[in-house]
Every structure is written in C-alpha cells, then in structure tokens.
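Listing of final_38.csv, CSV, C-alpha atoms
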chain,number,residue,atom,x,y,z
A,1,MET,CA,-81.9,-5.0,74.4
A,2,ASN,CA,-84.1,-3.0,72.1
A,3,MET,CA,-83.6,-4.7,68.7
A,4,ARG,CA,-86.0,-2.3,67.0
A,5,ARG,CA,-83.5,0.5,67.7
A,6,ILE,CA,-80.3,-1.5,67.0
A,7,ALA,CA,-81.3,-3.3,63.8
A,8,PRO,CA,-81.3,-0.1,61.6
A,9,LEU,CA,-77.8,0.6,62.7
A,10,ALA,CA,-76.7,-2.9,61.7
A,11,ILE,CA,-78.4,-2.4,58.3
A,12,GLY,CA,-76.2,0.7,58.0
A,13,THR,CA,-73.0,-1.1,58.7
A,14,PHE,CA,-74.2,-3.9,56.4
A,15,ALA,CA,-74.5,-1.4,53.6
A,16,ILE,CA,-71.1,0.1,54.3
A,17,GLY,CA,-69.4,-3.4,54.4
A,18,THR,CA,-71.1,-4.4,51.1
A,19,ASP,CA,-70.0,-1.1,49.5
A,20,ASN,CA,-66.4,-1.6,50.6
A,21,PHE,CA,-65.9,-5.3,49.8
A,22,ILE,CA,-68.1,-5.5,46.6
A,23,VAL,CA,-65.5,-3.7,44.4
A,24,ALA,CA,-63.3,-6.8,44.4
A,25,GLY,CA,-66.0,-8.8,42.6
A,26,ILE,CA,-66.9,-6.2,39.9
A,27,LEU,CA,-63.6,-4.4,39.3
A,28,GLY,CA,-63.1,-5.8,35.8
A,29,GLY,CA,-66.5,-4.7,34.6
A,30,MET,CA,-66.0,-1.2,36.0
A,31,ALA,CA,-62.6,-0.9,34.3
A,32,ASP,CA,-64.0,-2.0,30.9
A,33,ASP,CA,-67.0,0.3,31.0
A,34,LEU,CA,-65.1,3.4,32.2
A,35,GLY,CA,-62.2,2.8,29.8
A,36,VAL,CA,-59.4,2.6,32.4
A,37,SER,CA,-56.9,0.0,33.3
A,38,LEU,CA,-57.6,-2.6,36.0
A,39,ALA,CA,-54.9,-1.0,38.2
A,40,ALA,CA,-56.5,2.5,37.7
A,41,ALA,CA,-59.9,1.1,38.6
A,42,GLY,CA,-58.4,-0.4,41.8
A,43,LEU,CA,-57.3,3.1,42.8
A,44,GLN,CA,-60.8,3.7,44.1
A,45,VAL,CA,-60.2,1.2,46.9
A,46,THR,CA,-57.1,3.1,47.9
A,47,VAL,CA,-59.0,6.4,47.9
A,48,PHE,CA,-62.0,5.1,49.8
A,49,SER,CA,-59.8,3.4,52.4
A,50,LEU,CA,-57.5,6.4,53.0
A,51,VAL,CA,-60.3,8.9,53.3
A,52,TYR,CA,-62.1,6.6,55.8
A,53,ALA,CA,-59.0,5.9,57.8
A,54,LEU,CA,-57.9,9.5,58.1
A,55,GLY,CA,-61.3,11.1,58.2
A,56,SER,CA,-63.2,8.9,60.6
A,57,PRO,CA,-61.3,9.9,63.8
A,58,LEU,CA,-61.3,13.6,62.8
A,59,LEU,CA,-65.0,13.7,61.9
A,60,SER,CA,-65.9,11.7,65.0
A,61,ALA,CA,-64.2,14.4,67.1
A,62,LEU,CA,-66.0,17.2,65.2
A,63,THR,CA,-69.5,15.7,65.4
A,64,GLN,CA,-69.4,14.2,68.9
A,65,GLN,CA,-71.4,17.0,70.4
A,66,ALA,CA,-74.1,17.1,67.7
A,67,GLU,CA,-77.5,15.4,68.1
A,68,ARG,CA,-76.6,11.9,67.1
A,69,ARG,CA,-79.8,10.7,65.5
A,70,ALA,CA,-79.5,13.6,63.0
A,71,VAL,CA,-75.8,12.6,62.5
A,72,LEU,CA,-76.7,9.0,61.8
A,73,VAL,CA,-79.6,9.7,59.5
A,74,GLY,CA,-77.7,12.5,57.7
A,75,SER,CA,-74.5,10.5,57.2
A,76,MET,CA,-76.4,7.4,55.9
A,77,GLY,CA,-78.5,9.5,53.7
A,78,LEU,CA,-75.3,11.1,52.2
A,79,PHE,CA,-73.9,7.5,51.8
A,80,ALA,CA,-77.0,6.5,49.9
A,81,LEU,CA,-76.7,9.6,47.6
A,82,ALA,CA,-73.0,8.9,47.0
A,83,ASN,CA,-73.8,5.4,45.9
A,84,VAL,CA,-76.5,6.7,43.5
A,85,LEU,CA,-73.9,9.1,42.0
A,86,THR,CA,-71.4,6.2,41.7
A,87,ALA,CA,-74.0,4.1,39.9
A,88,ILE,CA,-74.6,6.9,37.3
A,89,ALA,CA,-71.0,8.2,37.1
A,90,PRO,CA,-70.1,8.9,33.5
A,91,THR,CA,-66.3,9.0,34.0
A,92,PHE,CA,-63.8,7.5,36.3
A,93,GLY,CA,-62.9,10.9,37.7
A,94,VAL,CA,-66.5,11.4,38.7
A,95,LEU,CA,-66.6,8.0,40.3
A,96,LEU,CA,-63.5,8.7,42.4
A,97,ALA,CA,-65.2,11.9,43.7
A,98,THR,CA,-68.3,9.9,44.6
A,99,ARG,CA,-66.2,7.3,46.4
A,100,ILE,CA,-64.6,10.1,48.5
A,101,VAL,CA,-68.1,11.3,49.5
A,102,ALA,CA,-69.1,7.7,50.4
A,103,ALA,CA,-66.0,7.2,52.5
A,104,VAL,CA,-66.6,10.5,54.5
A,105,ALA,CA,-70.2,9.4,55.2
A,106,ALA,CA,-69.2,5.9,56.2
A,107,GLY,CA,-66.5,7.3,58.5
A,108,VAL,CA,-69.0,9.4,60.3
A,109,PHE,CA,-71.7,6.7,60.6
A,110,GLY,CA,-69.6,3.8,61.9
A,111,PRO,CA,-68.3,5.1,65.3
A,112,VAL,CA,-71.6,7.0,66.1
A,113,ALA,CA,-73.7,3.9,65.4
A,114,THR,CA,-71.5,1.8,67.7
A,115,ALA,CA,-71.9,4.3,70.5
A,116,ALA,CA,-75.6,4.6,69.9
A,117,ALA,CA,-76.1,0.8,70.1
A,118,ALA,CA,-74.3,0.8,73.5
A,119,GLU,CA,-76.5,3.6,74.8
A,120,GLN,CA,-79.7,2.0,73.7
A,121,SER,CA,-79.0,-1.3,75.6
A,122,GLU,CA,-79.0,-2.3,79.2
A,123,PRO,CA,-75.4,-2.6,80.6
A,124,GLU,CA,-75.6,-6.4,80.6
A,125,PHE,CA,-76.4,-6.4,76.9
A,126,ARG,CA,-74.1,-3.7,75.6
A,127,GLY,CA,-71.4,-6.0,74.3
A,128,ARG,CA,-74.1,-8.0,72.4
A,129,ALA,CA,-75.6,-4.8,71.0
A,130,ILE,CA,-72.2,-3.6,69.8
A,131,SER,CA,-71.4,-7.0,68.2
A,132,ILE,CA,-74.7,-6.9,66.3
A,133,VAL,CA,-73.9,-3.5,64.8
A,134,THR,CA,-70.2,-4.3,64.0
A,135,GLY,CA,-71.4,-7.7,62.8
A,136,GLY,CA,-73.1,-6.0,59.9
A,137,LEU,CA,-69.7,-5.7,58.3
A,138,THR,CA,-69.0,-9.4,58.5
A,139,VAL,CA,-72.5,-10.4,57.4
A,140,SER,CA,-72.1,-8.2,54.4
A,141,ILE,CA,-69.3,-10.4,53.1
A,142,VAL,CA,-71.5,-13.5,53.4
A,143,LEU,CA,-74.7,-11.9,51.9
A,144,GLY,CA,-74.2,-8.4,50.6
A,145,VAL,CA,-71.2,-9.0,48.4
A,146,PRO,CA,-72.4,-12.2,46.7
A,147,ILE,CA,-75.8,-10.6,46.1
A,148,GLY,CA,-74.2,-7.5,44.7
A,149,VAL,CA,-71.9,-9.5,42.5
A,150,LEU,CA,-74.9,-11.5,41.3
A,151,ILE,CA,-76.8,-8.4,40.5
A,152,SER,CA,-73.8,-7.1,38.6
A,153,ALA,CA,-73.7,-10.4,36.6
A,154,LEU,CA,-77.4,-10.1,35.7
A,155,SER,CA,-77.1,-6.4,34.8
A,156,ASP,CA,-73.8,-4.6,35.1
A,157,TRP,CA,-71.5,-3.2,37.8
A,158,ARG,CA,-73.8,-0.2,38.2
A,159,GLY,CA,-76.6,-2.4,39.5
A,160,ALA,CA,-74.4,-3.4,42.4
A,161,PHE,CA,-74.2,0.3,43.6
A,162,TRP,CA,-77.9,0.8,43.1
A,163,PHE,CA,-78.3,-2.2,45.5
A,164,VAL,CA,-76.0,-0.6,48.1
A,165,ALA,CA,-77.8,2.7,47.7
A,166,ALA,CA,-81.2,1.0,48.4
A,167,LEU,CA,-79.7,-0.7,51.5
A,168,ALA,CA,-78.4,2.7,52.8
A,169,LEU,CA,-81.8,4.4,52.2
A,170,VAL,CA,-83.5,1.6,54.2
A,171,ALA,CA,-81.0,2.2,57.0
A,172,ALA,CA,-81.5,6.0,57.0
A,173,VAL,CA,-85.3,5.8,57.0
A,174,SER,CA,-85.5,3.1,59.7
A,175,THR,CA,-82.9,4.9,61.9
A,176,ALA,CA,-85.0,8.1,61.7
A,177,ALA,CA,-88.1,6.1,62.6
A,178,ALA,CA,-86.7,3.9,65.4
A,179,LEU,CA,-84.2,6.0,67.3
A,180,PRO,CA,-85.1,8.8,69.8
A,181,ARG,CA,-83.2,12.0,69.9
A,182,LEU,CA,-79.7,11.4,71.2
A,183,PRO,CA,-78.0,14.5,72.5
A,184,GLY,CA,-74.3,14.7,71.8
A,185,THR,CA,-71.8,14.3,74.6
A,186,PRO,CA,-68.3,15.7,75.3
A,187,GLY,CA,-65.5,13.4,74.3
A,188,PRO,CA,-61.8,13.3,73.6
A,189,GLY,CA,-60.4,15.9,71.3
A,190,ILE,CA,-58.5,15.3,68.1
A,191,ALA,CA,-55.0,15.3,69.7
A,192,GLU,CA,-56.2,12.9,72.5
A,193,ARG,CA,-57.6,10.5,70.0
A,194,PHE,CA,-54.1,10.0,68.4
A,195,ARG,CA,-52.1,10.1,71.7
A,196,PRO,CA,-52.1,6.3,72.4
A,197,MET,CA,-50.2,5.6,69.2
A,198,LEU,CA,-47.2,7.3,70.7
A,199,ARG,CA,-46.8,4.4,73.1
A,200,PRO,CA,-44.2,2.0,71.5
A,201,ALA,CA,-46.4,-1.1,72.2
A,202,VAL,CA,-49.5,0.5,70.7
A,203,GLY,CA,-47.7,2.0,67.7
A,204,LEU,CA,-46.0,-1.3,66.8
A,205,THR,CA,-49.3,-3.2,67.1
A,206,LEU,CA,-50.9,-0.7,64.7
A,207,LEU,CA,-48.1,-1.2,62.3
A,208,GLN,CA,-48.7,-4.9,62.4
A,209,SER,CA,-52.4,-4.3,61.5
A,210,ILE,CA,-51.4,-2.1,58.5
A,211,THR,CA,-48.9,-4.8,57.3
A,212,VAL,CA,-51.0,-7.9,57.8
A,213,ILE,CA,-54.3,-6.5,56.5
A,214,GLY,CA,-52.6,-4.6,53.7
A,215,SER,CA,-51.0,-7.7,52.4
A,216,THR,CA,-54.3,-9.5,52.1
A,217,PHE,CA,-55.8,-6.6,50.1
A,218,ILE,CA,-53.0,-7.0,47.6
A,219,VAL,CA,-54.8,-10.1,46.5
A,220,PHE,CA,-58.4,-9.4,47.6
A,221,THR,CA,-58.8,-6.2,45.5
A,222,TYR,CA,-58.1,-8.2,42.3
A,223,LEU,CA,-59.7,-11.5,43.4
A,224,ALA,CA,-62.2,-11.4,40.5
A,225,THR,CA,-59.3,-11.1,38.1
A,226,LEU,CA,-57.8,-14.3,39.4
A,227,VAL,CA,-61.1,-16.1,39.2
A,228,HIS,CA,-61.6,-15.0,35.6
A,229,GLY,CA,-58.1,-16.3,34.9
A,230,THR,CA,-59.3,-19.8,35.6
A,231,GLY,CA,-61.6,-19.7,32.6
A,232,VAL,CA,-64.5,-21.2,34.5
A,233,GLY,CA,-68.0,-19.9,33.8
A,234,GLY,CA,-67.3,-17.8,30.7
A,235,ASP,CA,-66.5,-14.3,31.9
A,236,GLY,CA,-66.4,-15.6,35.4
A,237,GLU,CA,-69.0,-13.4,37.1
A,238,PHE,CA,-71.2,-16.2,38.4
A,239,ALA,CA,-68.0,-18.1,39.4
A,240,THR,CA,-66.9,-15.0,41.3
A,241,THR,CA,-70.2,-14.9,43.1
A,242,LEU,CA,-69.6,-18.4,44.5
A,243,ILE,CA,-66.0,-17.6,45.4
A,244,MET,CA,-67.1,-14.5,47.3
A,245,LEU,CA,-69.7,-16.6,49.1
A,246,VAL,CA,-67.0,-19.1,50.1
A,247,PHE,CA,-64.8,-16.3,51.3
A,248,GLY,CA,-67.6,-14.7,53.3
A,249,VAL,CA,-68.6,-17.9,55.1
A,250,ALA,CA,-64.9,-18.6,55.9
A,251,ALA,CA,-64.6,-15.0,57.2
A,252,VAL,CA,-67.5,-15.4,59.7
A,253,LEU,CA,-66.0,-18.7,60.9
A,254,GLY,CA,-62.6,-17.2,61.2
A,255,ASN,CA,-64.0,-14.2,63.2
A,256,ILE,CA,-65.6,-16.6,65.7
A,257,LEU,CA,-62.5,-18.9,66.0
A,258,GLY,CA,-60.2,-15.9,66.3
A,259,GLY,CA,-62.1,-14.5,69.2
A,260,ARG,CA,-62.3,-17.8,71.0
A,261,SER,CA,-58.7,-18.6,70.5
A,262,ALA,CA,-57.7,-15.2,71.8
A,263,ASP,CA,-59.7,-15.8,74.9
A,264,ARG,CA,-58.2,-19.3,75.5
A,265,LEU,CA,-54.6,-18.9,74.2
A,266,GLY,CA,-54.1,-15.1,74.2
A,267,GLY,CA,-53.9,-12.6,71.4
A,268,THR,CA,-50.2,-12.9,70.6
A,269,VAL,CA,-50.3,-16.7,70.3
A,270,THR,CA,-53.4,-16.6,68.1
A,271,ILE,CA,-51.8,-13.9,65.9
A,272,ARG,CA,-48.7,-15.9,65.3
A,273,ARG,CA,-50.6,-18.9,64.3
A,274,THR,CA,-53.0,-17.1,62.0
A,275,ILE,CA,-50.2,-15.2,60.2
A,276,VAL,CA,-48.4,-18.4,59.5
A,277,VAL,CA,-51.5,-20.0,58.0
A,278,LEU,CA,-52.4,-16.8,56.1
A,279,THR,CA,-48.9,-16.6,54.6
A,280,LEU,CA,-49.1,-20.1,53.2
A,281,ALA,CA,-52.7,-19.5,51.9
A,282,LEU,CA,-51.7,-16.4,50.1
A,283,ALA,CA,-48.7,-18.0,48.6
A,284,ALA,CA,-50.9,-20.9,47.5
A,285,VAL,CA,-53.1,-18.4,45.6
A,286,SER,CA,-50.2,-17.6,43.3
A,287,LEU,CA,-49.2,-21.2,43.1
A,288,VAL,CA,-52.7,-22.2,41.9
A,289,ALA,CA,-52.9,-19.3,39.5
A,290,GLN,CA,-49.6,-20.0,37.8
A,291,THR,CA,-49.7,-23.8,37.6
A,292,LEU,CA,-53.4,-24.8,37.1
A,293,ASP,CA,-56.3,-23.9,34.9
A,294,GLY,CA,-59.9,-24.7,34.2
A,295,MET,CA,-62.1,-26.4,36.8
A,296,THR,CA,-59.1,-27.8,38.7
A,297,ALA,CA,-57.7,-24.3,39.2
A,298,TYR,CA,-61.1,-23.0,40.3
A,299,VAL,CA,-61.7,-25.7,42.9
A,300,ALA,CA,-58.2,-25.4,44.2
A,301,LEU,CA,-58.6,-21.6,44.4
A,302,ALA,CA,-61.9,-21.9,46.3
A,303,ALA,CA,-60.2,-24.2,48.8
A,304,VAL,CA,-57.2,-21.9,49.3
A,305,ILE,CA,-59.5,-18.9,49.7
A,306,ALA,CA,-61.5,-20.7,52.4
A,307,VAL,CA,-58.3,-21.2,54.4
A,308,TRP,CA,-57.4,-17.6,53.7
A,309,GLY,CA,-60.8,-16.3,54.9
A,310,VAL,CA,-60.6,-18.3,58.1
A,311,SER,CA,-57.0,-17.3,59.0
A,312,GLY,CA,-57.3,-13.7,57.8
A,313,TRP,CA,-60.4,-12.9,59.7
A,314,ALA,CA,-59.2,-14.7,62.8
A,315,PHE,CA,-56.4,-12.1,63.0
A,316,THR,CA,-58.7,-9.2,63.6
A,317,PRO,CA,-60.4,-10.1,66.9
A,318,ALA,CA,-57.0,-11.4,68.2
A,319,GLN,CA,-55.4,-8.1,67.4
A,320,PHE,CA,-58.2,-6.2,69.2
A,321,SER,CA,-57.7,-8.6,72.1
A,322,ARG,CA,-54.0,-7.8,72.2
A,323,LEU,CA,-54.7,-4.0,72.2
A,324,ALA,CA,-57.0,-4.5,75.1
A,325,GLN,CA,-54.2,-6.2,77.0
A,326,ILE,CA,-51.7,-3.4,76.1
A,327,ASP,CA,-53.8,-0.4,77.2
A,328,PRO,CA,-57.1,-1.5,78.8
A,329,ALA,CA,-57.8,2.0,80.1
A,330,HIS,CA,-58.1,3.5,76.6
A,331,MET,CA,-59.6,0.7,74.6
A,332,HIS,CA,-62.1,3.0,72.9
A,333,LEU,CA,-59.2,5.1,71.5
A,334,THR,CA,-56.8,2.2,70.6
A,335,PHE,CA,-59.7,0.3,68.9
A,336,ALA,CA,-60.6,3.4,66.8
A,337,LEU,CA,-56.9,3.7,65.8
A,338,ASN,CA,-56.8,0.1,64.9
A,339,ASN,CA,-59.8,0.5,62.6
A,340,SER,CA,-58.0,3.3,60.9
A,341,ALA,CA,-54.9,1.1,60.6
A,342,ILE,CA,-57.0,-1.6,58.9
A,343,TYR,CA,-58.2,0.9,56.3
A,344,ILE,CA,-54.8,2.3,55.8
A,345,GLY,CA,-53.5,-1.2,55.2
A,346,SER,CA,-56.3,-1.9,52.7
A,347,ALA,CA,-55.5,1.3,50.9
A,348,LEU,CA,-51.8,0.5,50.6
A,349,GLY,CA,-52.5,-3.1,49.7
A,350,ALA,CA,-54.8,-2.1,46.9
A,351,SER,CA,-52.2,0.3,45.6
A,352,VAL,CA,-49.4,-2.3,45.6
A,353,GLY,CA,-51.7,-4.9,44.0
A,354,GLY,CA,-52.5,-2.4,41.2
A,355,GLY,CA,-48.8,-2.0,40.5
A,356,ILE,CA,-48.4,-5.7,40.3
A,357,VAL,CA,-51.3,-6.1,37.9
A,358,GLU,CA,-50.1,-3.2,35.8
A,359,TRP,CA,-46.4,-4.0,35.5
A,360,ALA,CA,-46.2,-7.8,36.2
A,361,SER,CA,-48.9,-10.4,36.3
A,362,PRO,CA,-52.0,-11.1,38.5
A,363,GLY,CA,-50.5,-14.5,39.2
A,364,GLY,CA,-47.7,-12.8,41.2
A,365,LEU,CA,-50.1,-11.1,43.7
A,366,GLY,CA,-50.1,-14.0,46.2
A,367,TRP,CA,-46.3,-14.2,46.4
A,368,VAL,CA,-46.0,-10.5,47.2
A,369,ALA,CA,-48.8,-10.7,49.7
A,370,ALA,CA,-47.1,-13.7,51.4
A,371,GLY,CA,-43.9,-11.7,51.7
A,372,GLY,CA,-45.8,-8.9,53.4
A,373,GLU,CA,-47.3,-11.4,55.9
A,374,VAL,CA,-43.7,-12.5,56.7
A,375,ILE,CA,-42.9,-8.9,57.6
A,376,GLY,CA,-46.0,-8.8,59.7
A,377,PHE,CA,-44.9,-11.9,61.5
A,378,LEU,CA,-41.5,-10.4,62.2
A,379,LEU,CA,-43.2,-7.3,63.6
A,380,VAL,CA,-45.1,-9.6,66.1
A,381,LEU,CA,-41.8,-11.2,67.1
A,382,LEU,CA,-40.2,-7.7,67.6
A,383,ALA,CA,-43.2,-6.7,69.8
A,384,VAL,CA,-42.7,-9.7,72.0
A,385,ALA,CA,-38.9,-9.2,72.1
A,386,ARG,CA,-39.1,-5.4,72.7
A,387,PRO,CA,-38.8,-5.6,76.5
A,388,ARG,CA,-35.8,-7.9,76.2
A,389,LEU,CA,-34.2,-5.5,73.8
A,390,GLY,CA,-34.3,-2.8,76.4
A,391,VAL,CA,-37.0,-0.6,74.8
A,392,PRO,CA,-38.9,0.8,77.7
A,393,ALA,CA,-42.7,0.4,77.9
A,394,ALA,CA,-44.6,3.5,78.6
A,395,PRO,CA,-46.6,3.3,81.9
A,396,PRO,CA,-50.3,2.6,81.5
A,397,ALA,CA,-52.3,5.7,80.9
A,398,ALA,CA,-54.8,6.8,83.5
A,399,PRO,CA,-58.4,5.9,82.8
A,400,SER,CA,-60.4,8.6,81.1
A,401,ALA,CA,-63.1,10.3,83.1
A,402,GLY,CA,-66.1,8.0,83.6
A,403,GLU,CA,-64.2,4.8,82.7
A,404,PRO,CA,-63.3,2.1,85.1
A,405,GLY,CA,-59.6,1.5,85.7
A,406,LEU,CA,-58.4,-1.9,84.5
A,407,GLN,CA,-55.2,-3.6,85.2
A,408,PRO,CA,-53.3,-4.6,82.1
A,409,ALA,CA,-53.1,-8.3,81.5
A,410,GLY,CA,-49.8,-9.9,80.6
A,411,GLU,CA,-48.9,-10.9,77.1
A,412,ARG,CA,-49.9,-14.4,76.2

Let's see the structure in the file written out as structure tokens.
Amino acid sequence: MNMRRIAPLAIGTFAIGTDNFIVAGILGGMADDLGVSLAAAGLQVTVFSLVYALGSPLLSALTQQAERRAVLVGSMGLFALANVLTAIAPTFGVLLATRIVAAVAAGVFGPVATAAAAEQSEPEFRGRAISIVTGGLTVSIVLGVPIGVLISALSDWRGAFWFVAALALVAAVSTAAALPRLPGTPGPGIAERFRPMLRPAVGLTLLQSITVIGSTFIVFTYLATLVHGTGVGGDGEFATTLIMLVFGVAAVLGNILGGRSADRLGGTVTIRRTIVVLTLALAAVSLVAQTLDGMTAYVALAAVIAVWGVSGWAFTPAQFSRLAQIDPAHMHLTFALNNSAIYIGSALGASVGGGIVEWASPGGLGWVAAGGEVIGFLLVLLAVARPRLGVPAAPPAAPSAGEPGLQPAGER
C-alpha cells in the first residue's frame, strides 16, 4: 500500500469533513456577524447537504471518463477557493453561494478519491486504503472540528474557514505531486446509478438512513446553541470546543463498535439496538437543556453527547453492512445512494431544527429528534416484516461487468 499516494486523498476528505461538521460549532457567531437569525444561518447546512446529495452521483457520472488526477486536483482546488470566498463573504447571500460551490467540489472529490485509493493499492490492501480515505471524515470530527472551533474562539468564525481552505490547498498540492496520471474509465450511467433504489428493500433502507441521520442533525446543527445555553465559559466557545472533542472521540469509538457488532450480530440487530440508545440520548439532550443549568448542565450534556456519538456513529457501518447483505452484487451503487441519503437526511434535519429554534425553543430539539428516531425504528421493523406482509422482494440484480458475483446473505 503506497501511503505517499493515499495520504493526500485522506487530507482531502479530512478537509471536507471539517468543513461540513464545523458549522455546528460556529453557527451563532456567523448569524450575529452576518445579521441573520440562527435558523437562517442554519440554512447553509441544508443547502450544502442537498447539493452534495443530489450532485455527487450526477457529477460522478459526468466526470468518470476524465483523467482523474486532474479531477481530484481541480475539485480540491475549487473547494479551497470556495472556502476562501466563504471566509470573506460580506453577506449571507454570498455565503450561501460559496457553500453551493464547496458542495459541488466536495461531491466530485469524494467518490473519485475513494476509487483512486483502491487503484493505487494492491488487492489485499484495498479495503485498508479505502478506509484510510473515508476515515478522513471521521478523524475530522476528532481533530478538525475542535481545532476549527478553537480558531474561531481565538479570532472569529471566518478563521475556521481559512483553516479549512488551508487544509484543502495542502490536499490539492500534495495530490498533484503524489499521484500519477489516472485515465478515466467507463462506468455506470446516471440512470443505472439510481436503479437499485427501485428495489423495495433498498429503497426502504435508504429511507431509514434519511430518517435516522436526519433526526440527529436536528440537534447537531444547533449543538453550540445548546452549549451556550448552559452558561458555562462565558459565550461558550471554548466550552463548545471541548464538547465537539467529546463528540468526535465518541464518534470514532461508535464507528469501530458498529462495524464489529454488524460483523458479529448482523446489521439489522445492530441497527435496532443503536436506534434505541440514540433515541434515549437525544431525548436526554432536551431533558438536560430544560431542567439543568450551569456546570451541572454542561457535564450532563457532555455525558449524553458521548452516548449519542457512540450510538449515532455505530448506525452508519451497520447500515452499510445491511445494504451489502441486501444487494451484494451492486454494493458500489447502493453505498453511493446511501451516502446521498445521509446528506439528504442532514439537510432535512438542519431545516427542521431551524424551524424549532425559530418558532419554539432550542430546548425542544432533542424531543423532536427522538420522535424522528422512533419513526426510523418503525421503518426497520417494517423492513424486517416486509416479506411476511406479502411484499415481494425483487430478485438479486446480476453483477456488473468485471465484478464477482456474490450470494446475498440472510438478514440477521
């Protein structure tokens, strides 16, 4: 495995993850500086996530035959530029436009980087190479987001985006230096990329991802507001940095535990258990916010967020494992669709959270999110009961050209 070629790609996904998750820690400062409401400022999360979710599969299809080193360097360079423009945006309207550009660039870079990592590794190391690149997103929660929030506390919210722009520039330059030319290859067209979602089992699973992830983003988008509400640490920016660090460490642990549990117990069993714990944790966020204050509230919130981080991030690998069981012959397509579903969920969750903050109270975010998780749990039960309800399962699709045929595993 050639780490010299893979590391720049991981830096790129690290930059993208930091850019995506950092908004939750600096949203209040952005709203105050740009003269908009907290809910309006949160709209940028919705815009970024929707553009990424809908644009990534389309742009991947359009760029798949282009020389991929140029695509990687160009998209990461554009991502760096978009963050520079975000950092100097004079108005909220301009900022929204720059977030759209950043989402387009991120949507191009992610899938191409994953494929390039696989190609640059020996067959026995491909899984590890892919995990290093995708792991950049997870590591960004542990390192990138707390560092960015800390920079924001020492300067202002614009400093956080200068930090992301610097990361992206490093990724673009190092990718250009480390990777050889990578000719494009034919791949599935746009219609073929969306075809698996027409299978009832796949479509229902994607709906679960939208619901479960979307419910968490109802709270996550406005997490800094909840931390500020405790009154700890003055304006709460340093306190938010610590909370983000707690969440990030918990997320990494949850990602590991979720994958191991899916291997041992199966995706469905793991998903059921994680959603139950996640529901209780999100409800506890509101309980703490509405009944406690001061240091007691802060410590309790940190504990609850740690449980949320573990359970919430355990869901994702378990869901991918379940998709692999449902349609093993087309994992590359169903995984891409699930990534889009995750971003659609985050867009919807941020929008719902904005409405709650605008028309009710931040303290109610957790209750609504917990209700969304209950719906997600019911969707899991429906998916399991579907064969008994007489809904026919579509036959497994034939493997794509060049892919080994795999026999679908049973639900566990």

Problem set entry | Given all atoms listed in the file as the counted atoms, nearest of A:Phe335, A:Phe79, A:Phe161, A:Trp359 to A:Pro111 | A:Phe335

For this session: For each of A:Gly345, A:Glu67, A:Ala336, A:Gly42, take the minimum atom-to-atom distance to A:Leu179, counting all atoms listed in the file, then give the residue where this is smallest.
Result: A:Glu67

Which residues of stretch 96-131 of chain A come within 8 Å of stretch 2-15 of chain A, and what is each one's closest atom pair and distance in Å (one decimal), counting all atoms listed in the file, sorted by chain and residue number, as a tab-separated table?
residue	atom	partner	partner_atom	distance
A:Phe109	CA	A:Gly12	CA	7.9
A:Gly110	CA	A:Thr13	CA	6.8
A:Ala113	CA	A:Leu9	CA	5.9
A:Ala117	CA	A:Ile6	CA	5.7
A:Gln120	CA	A:Asn2	CA	6.8
A:Ser121	CA	A:Asn2	CA	6.4
A:Ala129	CA	A:Ile6	CA	7.0

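Comparing A:His228, A:His330, A:Arg193, A:Arg69 by their smallest distance to A:Ser174, the closest is A:Arg69 (using all atoms listed in the file).
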
Problem set entry | Polymer residues at most 10 Å from A:Thr63, only C-alpha atoms, same-chain spacing of 3 or more positions, as a PyMOL selection string | chain A and resi 58-60+66-68+71+108+112+184-186

For this session: Tell me which protein, DNA and RNA residues are within 9 Å of A:Leu143, counting only C-alpha atoms, leaving out same-chain ones fewer than 4 positions away, and put them as a PyMOL selection string.
Result: chain A and resi 18+139+147-148+245+248

Exercise. What does the distance from atom CA of A:Leu253 to atom CA of A:Arg272 come to in Å, to one decimal?
Worked result: 18.1 Å

Problem set entry | Shell of 7 Å around stretch 369-378 of chain A, only C-alpha atoms, local chain residues under 2 positions omitted, as a list in words |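 Using only C-alpha atoms, the neighbours found are Gln208, Thr211, Val212, Ser215, Thr216, Ile218, Val219, Arg272, Ile275, Thr279, Leu280, Leu282, Ala283, Leu365, Gly366, Trp367, Val380, Leu381 and Leu382 of chain A.
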
Keeping only C-alpha atoms, write the selected residues as a PDB file, in the coordinates of the input.
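Writing done, so here's out_21.pdb:
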ATOM      1  CA  GLN A 208     -48.700  -4.900  62.400  1.00  0.00           C
ATOM      2  CA  THR A 211     -48.900  -4.800  57.300  1.00  0.00           C
ATOM      3  CA  VAL A 212     -51.000  -7.900  57.800  1.00  0.00           C
ATOM      4  CA  SER A 215     -51.000  -7.700  52.400  1.00  0.00           C
ATOM      5  CA  THR A 216     -54.300  -9.500  52.100  1.00  0.00           C
ATOM      6  CA  ILE A 218     -53.000  -7.000  47.600  1.00  0.00           C
ATOM      7  CA  VAL A 219     -54.800 -10.100  46.500  1.00  0.00           C
ATOM      8  CA  ARG A 272     -48.700 -15.900  65.300  1.00  0.00           C
ATOM      9  CA  ILE A 275     -50.200 -15.200  60.200  1.00  0.00           C
ATOM     10  CA  THR A 279     -48.900 -16.600  54.600  1.00  0.00           C
ATOM     11  CA  LEU A 280     -49.100 -20.100  53.200  1.00  0.00           C
ATOM     12  CA  LEU A 282     -51.700 -16.400  50.100  1.00  0.00           C
ATOM     13  CA  ALA A 283     -48.700 -18.000  48.600  1.00  0.00           C
ATOM     14  CA  LEU A 365     -50.100 -11.100  43.700  1.00  0.00           C
ATOM     15  CA  GLY A 366     -50.100 -14.000  46.200  1.00  0.00           C
ATOM     16  CA  TRP A 367     -46.300 -14.200  46.400  1.00  0.00           C
ATOM     17  CA  VAL A 380     -45.100  -9.600  66.100  1.00  0.00           C
ATOM     18  CA  LEU A 381     -41.800 -11.200  67.100  1.00  0.00           C
ATOM     19  CA  LEU A 382     -40.200  -7.700  67.600  1.00  0.00           C
TER      20      LEU A 382
END

Exercise. Got a sec: who's within 10 Å of A:Glu358, counting all atoms listed in the file, leaving out chain neighbours fewer than 6 positions off, as a PyMOL selection string?
Worked result: chain A and resi 37-40+352

Problem set entry | Distance of atom CA of A:Asp263 from atom CA of A:Glu124, expressed in Å to one decimal place | 19.3 Å

For this session: For atom CA of A:Gly35 and atom CA of A:Ser140, determine how far apart the two atoms are, in Å to one decimal place.
Result: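 These atoms are spaced 28.7 Å apart.
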
For this session: Counting all atoms listed in the file, figure out which residue out of A:Gly309, A:Pro328, A:Gly29, A:Gly267 gets nearest to A:Ser152.
Result: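 Checking each of A:Gly309, A:Pro328, A:Gly29, A:Gly267 against A:Ser152, counting all atoms listed in the file, the winner is A:Gly29.
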
For this session: Determine the nearest neighbour of A:Val149 from the options A:Ser56, A:Thr241, A:Thr316, A:Ser340, counting all atoms listed in the file.
Result: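 Using all atoms listed in the file, the shortest distance to A:Val149 belongs to A:Thr241.
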
Problem set entry | For A:Val101, the nearest of the candidates A:Gly136, A:Val73, A:Val145, A:Phe48, counting only C-alpha atoms |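 Among A:Gly136, A:Val73, A:Val145, A:Phe48, it is A:Phe48 that comes nearest to A:Val101.
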